[in-house]
>>> print(open('structure-v6.cif').read())   # mmCIF, C-alpha atoms
data_final
loop_
_atom_site.label_atom_id
_atom_site.label_comp_id
_atom_site.auth_asym_id
_atom_site.auth_seq_id
_atom_site.Cartn_x
_atom_site.Cartn_y
_atom_site.Cartn_z
CA MET A 1 45.21 7.90 -65.17
CA THR A 2 43.12 5.59 -67.32
CA ASP A 3 43.03 2.12 -68.83
CA HIS A 4 42.14 3.68 -72.20
CA ASP A 5 44.78 3.84 -74.91
CA TYR A 6 47.06 6.84 -75.28
CA LYS A 7 45.07 8.48 -78.08
CA GLU A 8 41.78 8.33 -76.17
CA ALA A 9 43.46 9.56 -72.98
CA LEU A 10 44.71 12.65 -74.82
CA ARG A 11 41.26 13.27 -76.30
CA LEU A 12 39.69 13.09 -72.85
CA LEU A 13 42.25 15.55 -71.49
CA GLY A 14 41.60 17.94 -74.36
CA THR A 15 37.86 17.89 -73.79
CA LEU A 16 38.35 18.37 -70.06
CA ALA A 17 40.65 21.35 -70.63
CA ALA A 18 38.13 22.91 -73.00
CA ALA A 19 35.33 22.53 -70.44
CA GLU A 20 37.44 24.14 -67.72
CA ALA A 21 38.39 27.01 -70.01
CA TRP A 22 34.71 27.49 -70.88
CA MET A 23 33.76 27.72 -67.21
CA VAL A 24 36.53 30.16 -66.33
CA ALA A 25 35.90 32.41 -69.36
CA ARG A 26 32.18 32.74 -68.63
CA MET A 27 31.91 32.42 -64.85
CA GLY A 28 35.28 33.71 -63.71
CA SER A 29 37.85 32.18 -61.37
CA LYS A 30 38.86 32.80 -57.77
CA ALA A 31 41.72 30.32 -57.93
CA LYS A 32 44.94 31.89 -56.68
CA ARG A 33 47.60 32.61 -59.29
CA ASN A 34 50.18 30.52 -57.41
CA ASP A 35 47.76 27.62 -56.91
CA VAL A 36 49.61 24.63 -58.37
CA LYS A 37 47.45 21.92 -56.84
CA ILE A 38 46.71 19.05 -59.19
CA THR A 39 43.57 16.95 -59.06
CA ASN A 40 44.41 13.36 -59.97
CA LEU A 41 41.72 12.03 -62.29
CA MET A 42 41.15 8.29 -62.71
CA VAL A 43 38.89 7.26 -65.62
CA PHE A 44 37.80 3.61 -65.63
CA SER A 45 36.52 2.25 -68.95
CA GLU A 46 34.33 -0.30 -67.11
CA TRP A 47 32.31 0.24 -63.97
CA GLN A 48 33.44 -3.14 -62.63
CA ALA A 49 37.03 -1.88 -62.38
CA TYR A 50 35.77 1.37 -60.86
CA ASP A 51 33.95 -0.64 -58.18
CA LYS A 52 36.91 -2.87 -57.39
CA ILE A 53 39.82 -0.42 -57.41
CA GLY A 54 37.82 2.61 -56.32
CA GLY A 55 36.14 0.60 -53.58
CA GLU A 56 39.50 -0.43 -52.15
CA LEU A 57 40.70 3.17 -52.15
CA VAL A 58 37.53 4.39 -50.46
CA GLU A 59 37.73 1.70 -47.78
CA ALA A 60 41.20 2.98 -46.90
CA MET A 61 39.88 6.51 -46.28
CA ARG A 62 39.29 7.53 -42.68
CA GLY A 63 35.89 8.87 -41.73
CA VAL A 64 34.26 7.77 -45.01
CA ASP A 65 31.27 5.45 -45.24
CA PRO A 66 32.06 2.97 -48.07
CA ALA A 67 28.34 2.39 -48.55
CA ARG A 68 28.05 5.87 -50.10
CA PHE A 69 30.47 4.79 -52.83
CA GLU A 70 28.45 1.73 -53.81
CA GLY A 71 26.48 2.21 -57.02
CA SER A 72 28.07 5.60 -57.76
CA SER A 73 29.64 6.65 -61.05
CA GLY A 74 32.04 9.22 -59.66
CA TRP A 75 33.79 9.93 -56.38
CA HIS A 76 35.86 12.92 -55.31
CA ASP A 77 38.28 12.48 -52.41
CA ARG A 78 38.76 16.16 -51.61
CA TYR A 79 41.49 15.61 -49.03
CA ARG A 80 43.69 13.69 -51.46
CA ASP A 81 42.49 15.71 -54.47
CA ARG A 82 41.54 12.54 -56.34
CA LEU A 83 38.56 12.15 -58.66
CA MET A 84 37.48 8.69 -59.84
CA VAL A 85 34.87 8.29 -62.58
CA CYS A 86 33.30 5.63 -64.79
CA TRP A 87 33.58 6.12 -68.56
CA ARG A 88 30.28 4.33 -69.13
CA HIS A 89 27.11 4.58 -67.05
CA ARG A 90 26.55 1.38 -65.08
CA HIS A 91 22.78 1.28 -65.70
CA ASN A 92 22.38 3.16 -68.99
CA GLY A 93 25.04 1.96 -71.41
CA TYR A 94 24.15 4.50 -74.11
CA LEU A 95 25.73 7.17 -71.90
CA GLY A 96 29.48 7.44 -71.79
CA ASP A 97 32.55 8.78 -73.56
CA ASP A 98 32.89 12.26 -72.01
CA ASP A 99 29.54 12.64 -70.24
CA LEU A 100 30.21 11.23 -66.79
CA MET A 101 33.78 12.51 -66.61
CA LEU A 102 32.79 16.07 -67.51
CA GLY A 103 29.82 16.04 -65.14
CA HIS A 104 31.78 15.01 -62.08
CA ALA A 105 34.79 17.13 -63.02
CA ALA A 106 32.56 20.20 -63.28
CA LYS A 107 31.83 20.06 -59.56
CA VAL A 108 35.54 19.85 -58.75
CA MET A 109 36.33 22.72 -61.14
CA ALA A 110 33.54 24.79 -59.63
CA ARG A 111 34.92 24.37 -56.12
CA ARG A 112 38.35 25.49 -57.30
CA HIS A 113 37.39 28.35 -59.59
CA LEU A 114 34.04 29.60 -58.30
CA ALA A 115 34.59 29.02 -54.59
CA GLY A 116 38.33 29.55 -54.44
CA GLY A 117 38.88 26.03 -53.13
CA ALA A 118 36.53 26.46 -50.18
CA GLY A 119 36.43 23.58 -47.72
CA GLY A 120 33.44 21.78 -46.30
CA GLU A 121 30.72 19.65 -47.84
CA VAL A 122 27.54 20.88 -49.49
CA GLN A 123 24.69 19.01 -47.83
CA GLY A 124 22.18 21.71 -46.96
CA LYS A 125 19.28 23.36 -48.74
CA GLY A 126 19.98 23.72 -52.43
CA TYR A 127 22.71 21.06 -52.62
CA TRP A 128 21.01 20.07 -55.87
CA LEU A 129 22.43 23.11 -57.68
CA LEU A 130 25.73 21.24 -57.95
CA GLU A 131 23.94 18.20 -59.33
CA GLY A 132 22.41 20.50 -61.91
CA LEU A 133 25.84 21.83 -62.82
CA ARG A 134 27.01 18.25 -63.23
CA GLY A 135 24.02 17.48 -65.46
CA ALA A 136 24.69 20.55 -67.60
CA PHE A 137 28.35 19.70 -68.19
CA GLU A 138 27.42 16.16 -69.14
CA GLY A 139 26.12 17.90 -72.26
CA PHE A 140 29.31 19.89 -72.96
CA ARG A 141 30.33 19.34 -76.57
CA LEU A 142 33.14 20.52 -78.87
CA SER A 143 32.31 21.62 -82.40
CA ALA A 144 34.50 20.76 -85.38
CA ASP A 145 36.45 24.00 -84.91
CA GLY A 146 37.07 23.19 -81.22
CA VAL A 147 34.59 25.67 -79.73
CA GLY A 148 32.82 24.29 -76.67
CA GLU A 149 29.22 24.80 -75.60
CA ILE A 150 26.54 23.31 -73.37
CA ASP A 151 24.19 21.46 -75.73
CA PRO A 152 20.73 20.92 -74.19
CA GLY A 153 20.09 18.12 -76.67
CA ALA A 154 23.09 16.24 -75.26
CA CYS A 155 22.00 16.58 -71.60
CA TRP A 156 20.30 13.26 -70.90
CA ARG A 157 18.97 14.48 -67.54
CA LEU A 158 16.98 17.12 -69.40
CA ALA A 159 15.31 14.32 -71.35
CA VAL A 160 14.52 12.67 -68.03
CA ALA A 161 13.05 15.90 -66.64
CA ARG A 162 10.94 16.34 -69.76
CA ALA A 163 9.55 12.80 -69.50
CA LEU A 164 8.76 13.29 -65.82
CA ARG A 165 7.04 16.59 -66.57
CA ASP A 166 4.91 14.96 -69.26
CA LYS A 167 3.80 12.37 -66.71
CA ASP A 168 3.22 15.04 -64.06
CA GLN A 169 5.86 13.39 -61.87
CA LEU A 170 8.17 16.32 -61.19
CA ILE A 171 8.68 17.33 -57.58
CA PRO A 172 6.59 20.46 -56.84
CA TRP A 173 8.98 23.36 -57.36
CA ASP A 174 8.42 24.96 -53.94
CA GLU A 175 9.26 21.63 -52.29
CA PHE A 176 12.19 21.05 -54.64
CA MET A 177 13.85 24.36 -53.80
CA GLU A 178 14.03 23.44 -50.10
CA LEU A 179 15.55 19.96 -50.52
CA THR A 180 18.69 19.00 -48.59
CA GLN A 181 21.08 16.26 -49.66
CA LYS A 182 19.67 13.80 -47.12
CA GLN A 183 16.14 14.41 -48.35
CA GLY A 184 17.11 14.24 -52.01
CA GLU A 185 19.08 11.02 -51.73
CA ALA A 186 16.23 9.34 -49.87
CA ARG A 187 13.86 9.67 -52.83
CA ASP A 188 13.03 6.72 -55.08
CA ARG A 189 14.95 6.31 -58.33
CA PRO A 190 12.48 5.05 -60.96
CA THR A 191 12.98 3.58 -64.42
CA ILE A 192 11.27 5.60 -67.16
CA LYS A 193 11.08 5.87 -70.94
CA ILE A 194 12.82 8.88 -72.49
CA SER A 195 13.57 10.25 -75.94
CA PHE A 196 17.29 10.90 -76.23
CA GLY A 197 19.92 10.81 -78.93
CA GLY A 198 17.32 10.31 -81.63
CA SER A 199 15.95 7.13 -80.04
CA GLU A 200 13.52 5.97 -77.42
CA ARG A 201 15.50 4.83 -74.39
CA GLU A 202 14.91 3.24 -71.03
CA ALA A 203 16.48 5.36 -68.31
CA LYS A 204 17.16 3.27 -65.22
CA GLN A 205 17.71 4.40 -61.65
CA VAL A 206 17.09 8.04 -62.52
CA ASP A 207 17.78 10.73 -59.95
CA VAL A 208 14.65 12.89 -60.18
CA VAL A 209 16.23 15.68 -58.14
CA ALA A 210 19.30 15.82 -60.41
CA ALA A 211 17.07 15.87 -63.49
CA GLN A 212 15.07 18.86 -62.26
CA ALA A 213 18.25 20.57 -61.11
CA THR A 214 19.75 20.12 -64.57
CA ALA A 215 16.71 21.81 -66.09
CA ILE A 216 17.14 24.78 -63.74
CA VAL A 217 20.88 25.12 -64.39
CA VAL A 218 20.76 24.66 -68.17
CA GLY A 219 17.87 27.11 -68.32
CA ILE A 220 19.92 29.74 -66.50
CA LEU A 221 23.12 29.08 -68.46
CA LYS A 222 21.38 29.38 -71.83
CA ALA A 223 18.99 32.26 -71.04
CA ASP A 224 19.52 35.70 -72.55
CA GLY A 225 22.62 34.63 -74.43
CA GLY A 226 24.40 33.64 -71.22
CA LYS A 227 24.03 37.02 -69.52
CA LYS A 228 23.45 35.40 -66.12
CA LEU A 229 26.59 33.26 -66.19
CA LYS A 230 28.70 35.52 -63.96
CA LYS A 231 25.98 35.82 -61.34
CA PHE A 232 25.36 32.09 -61.52
CA GLY A 233 29.07 31.43 -60.93
CA LYS A 234 28.96 33.60 -57.82
CA LEU A 235 25.85 31.75 -56.63
CA VAL A 236 27.65 28.40 -56.96
CA GLY A 237 30.70 29.74 -55.13
CA ASP A 238 28.58 31.02 -52.26
CA LEU A 239 26.82 27.65 -51.99
CA TYR A 240 30.15 25.92 -51.44
CA LYS A 241 31.00 28.40 -48.71
CA ARG A 242 27.64 28.66 -46.92
CA ASP A 243 26.08 25.22 -47.53
CA SER A 244 22.73 26.88 -48.15
CA LEU A 245 21.11 28.31 -51.26
CA PRO A 246 19.34 31.67 -51.16
CA ASP A 247 16.35 32.51 -53.35
CA ILE A 248 17.58 31.94 -56.91
CA ASP A 249 15.34 34.46 -58.61
CA LYS A 250 16.25 37.24 -56.22
CA THR A 251 19.97 36.46 -56.28
CA LEU A 252 20.14 36.40 -60.08
CA GLY A 253 18.03 39.53 -60.42
CA LEU A 254 15.07 37.69 -61.96
CA LYS A 255 11.35 38.12 -61.53
CA ARG A 256 9.73 35.67 -59.15
CA GLY A 257 9.27 32.28 -60.82
CA LYS A 258 11.55 33.10 -63.74
CA ALA A 259 14.12 30.39 -62.95
CA VAL A 260 11.37 27.77 -63.15
CA SER A 261 10.25 29.24 -66.48
CA MET A 262 13.82 28.93 -67.72
CA ALA A 263 13.80 25.29 -66.63
CA GLU A 264 10.68 24.72 -68.72
CA VAL A 265 12.40 26.18 -71.79
CA ALA A 266 15.44 23.96 -71.16
CA MET A 267 13.27 20.85 -70.96
CA ASP A 268 11.72 21.74 -74.30
CA ALA A 269 15.16 22.31 -75.84
CA ALA A 270 16.22 18.79 -74.81
CA HIS A 271 13.89 17.54 -77.51
CA GLY A 272 14.70 20.19 -80.07
CA LEU A 273 11.40 21.99 -79.60
CA LYS A 274 11.19 25.65 -80.43
CA ASN A 275 11.94 27.81 -77.40
CA LYS A 276 9.03 29.87 -76.13
#
>>> encode(input="structure-v6.cif", output="C-alpha cells")
Amino acid sequence: MTDHDYKEALRLLGTLAAAEAWMVARMGSKAKRNDVKITNLMVFSEWQAYDKIGGELVEAMRGVDPARFEGSSGWHDRYRDRLMVCWRHRHNGYLGDDDLMLGHAAKVMARRHLAGGAGGEVQGKGYWLLEGLRGAFEGFRLSADGVGEIDPGACWRLAVARALRDKDQLIPWDEFMELTQKQGEARDRPTIKISFGGSEREAKQVDVVAAQATAIVVGILKADGGKKLKKFGKLVGDLYKRDSLPDIDKTLGLKRGKAVSMAEVAMDAAHGLKNK
C-alpha cells in the first residue's frame, strides 16, 4: 500500500521482487514450499505521514514501546507481518526512491528465506550484521536489461564509513564485533561531510555502527566474485535463530582479519577507487 501513483507503485514492486529473487538465487531459501504468508508493505512518500499513521498503528500494538518508533524510517511488526517504510530519508533528502524500502525489506526477506521464518528478536552480539545487510540492499540497483546487483557506489552508508575512516573515527574493530543492540543504539549519531552521488553531502544523524556493518557486509558480498554468498546467507540465518554472532572469519572460512580487509576494499569502492 502506498500514496504513490499506480505507475510508481508497480515500479517499486518490480524492484522489490528483483531484490528478493537476487537474494534467493545467491544465498538460498529455507522458506517452506507451502508458505503463503504475505508481508503487507506500506510505503509513505513523506516521513510526516509515516510518523502520523505509523505512530498510531504502533501505539495500538501490545508490548511495544512507541518511543522506539520515533525518528525511525522503517518498522516491521513481525506479529502482524506488516512493514512500514519512508520513501525519503527524514534527515538526508538526497536519499530515497528505492533505498530505504529495499534496505528494510532485506531484513524481512532474510528472516523468511535465510532463517526459515525463525521467531525472536536479534538483540545480542553481532546484531549489526542485519544493519549491514540493510545498508547493502540500499545500494541494490537494476541495470537497463533488468539484472540486479549490489552497487557499492550506491550504498550511502559506505560513503559514511569511508569518511569516518578518513577521520580516524571508526569504532575499533575488536570492540565493534562485540556490540549488542543496546550498546550500538546508545552511541552518538554525528553529522559529517561525505562524498556521495557525485557530490559533497552533509550526512545527518548517521549510525556509525550501521555504516561499519555495511562495509563488512558489502565487502563479503562482493569478494571473490560472490563465492561467500551461500555461507554468508547461512550466517545470517543462524544469527536470527541464536541471537549471537560467531567469529565471522572462522565461520566463512577466511583467514583471521580478512573480513575487516574486505570492509576496507568496500569503503574504497564506495568512491570508485581501484580495489586493492
>>> closest_residue(input="structure-v6.cif", among="A:Leu229, A:Leu13, A:Ala215, A:Ala115", to="A:Val265", atoms="only C-alpha atoms")
A:Ala215
>>> atom_distance(input="structure-v6.cif", atom1="atom CA of A:Lys230", atom2="atom CA of A:His76")
25.2 Å
>>> resolve_selection(input="structure-v6.cif", expression="the PyMOL selection byres ((chain A and resi 39-47) around 7)", output="list in words")
Met1, Thr2, Asp3, His4, Lys37, Ile38, Gln48, Ala49, Tyr50, Asp51, Asp81, Arg82, Leu83, Met84, Val85, Cys86, Trp87, Arg88 and Arg90 of chain A
>>> closest_residue(input="structure-v6.cif", among="A:Gly135, A:His91, A:Ala270, A:Ala211", to="A:Phe176", atoms="all atoms listed in the file")
A:Ala211
>>> residues_around(input="structure-v6.cif", residues="A:His113", least_positions_apart="6", cutoff="6 Å", atoms="only C-alpha atoms", output="PyMOL selection string")
chain A and resi 29-31
>>> residues_around(input="structure-v6.cif", residues="stretch 138-142 of chain A", least_positions_apart="4", cutoff="9 Å", atoms="all atoms listed in the file", output="PyMOL selection string")
chain A and resi 15+18-19+98-104+106+133-134+146-157
>>> atom_distance(input="structure-v6.cif", atom1="atom CA of A:Leu95", atom2="atom CA of A:Asp166")
22.4 Å
>>> build_atoms(input="structure-v6.cif", residues="stretch 111-123 of chain A", atoms="N, CA, C and O atoms", output="compact mmCIF listing (two decimals), keeping the file's coordinate frame")
# COMPACT_ATOMS: atom_id res chain seq x y z
N ARG A 111 34.38 24.10 -57.47
CA ARG A 111 34.92 24.37 -56.12
C ARG A 111 36.21 25.18 -56.22
O ARG A 111 36.42 26.12 -55.45
N ARG A 112 37.06 24.82 -57.16
CA ARG A 112 38.35 25.49 -57.30
C ARG A 112 38.21 26.91 -57.83
O ARG A 112 38.78 27.86 -57.29
N HIS A 113 37.44 27.06 -58.92
CA HIS A 113 37.39 28.35 -59.59
C HIS A 113 36.30 29.28 -59.06
O HIS A 113 36.51 30.50 -58.98
N LEU A 114 35.16 28.74 -58.72
CA LEU A 114 34.04 29.60 -58.30
C LEU A 114 34.00 29.82 -56.80
O LEU A 114 33.45 30.81 -56.33
N ALA A 115 34.58 28.88 -56.05
CA ALA A 115 34.59 29.02 -54.59
C ALA A 115 35.98 29.21 -54.03
O ALA A 115 36.16 29.23 -52.80
N GLY A 116 36.97 29.34 -54.90
CA GLY A 116 38.33 29.55 -54.44
C GLY A 116 38.88 28.42 -53.60
O GLY A 116 39.70 28.63 -52.72
N GLY A 117 38.41 27.20 -53.88
CA GLY A 117 38.88 26.03 -53.13
C GLY A 117 38.31 25.90 -51.74
O GLY A 117 38.92 25.30 -50.86
N ALA A 118 37.15 26.49 -51.51
CA ALA A 118 36.53 26.46 -50.18
C ALA A 118 36.39 25.04 -49.65
O ALA A 118 36.13 24.10 -50.41
N GLY A 119 36.56 24.89 -48.35
CA GLY A 119 36.43 23.58 -47.72
C GLY A 119 34.98 23.27 -47.37
O GLY A 119 34.07 24.07 -47.64
N GLY A 120 34.78 22.14 -46.74
CA GLY A 120 33.44 21.78 -46.30
C GLY A 120 32.64 21.07 -47.38
O GLY A 120 32.94 21.16 -48.57
N GLU A 121 31.61 20.37 -46.93
CA GLU A 121 30.72 19.65 -47.84
C GLU A 121 29.44 20.44 -48.06
O GLU A 121 29.02 21.22 -47.19
N VAL A 122 28.82 20.24 -49.19
CA VAL A 122 27.54 20.88 -49.49
C VAL A 122 26.44 19.84 -49.29
O VAL A 122 26.29 18.93 -50.10
N GLN A 123 25.72 19.97 -48.18
CA GLN A 123 24.69 19.01 -47.83
C GLN A 123 23.35 19.68 -47.51
O GLN A 123 22.35 19.00 -47.37
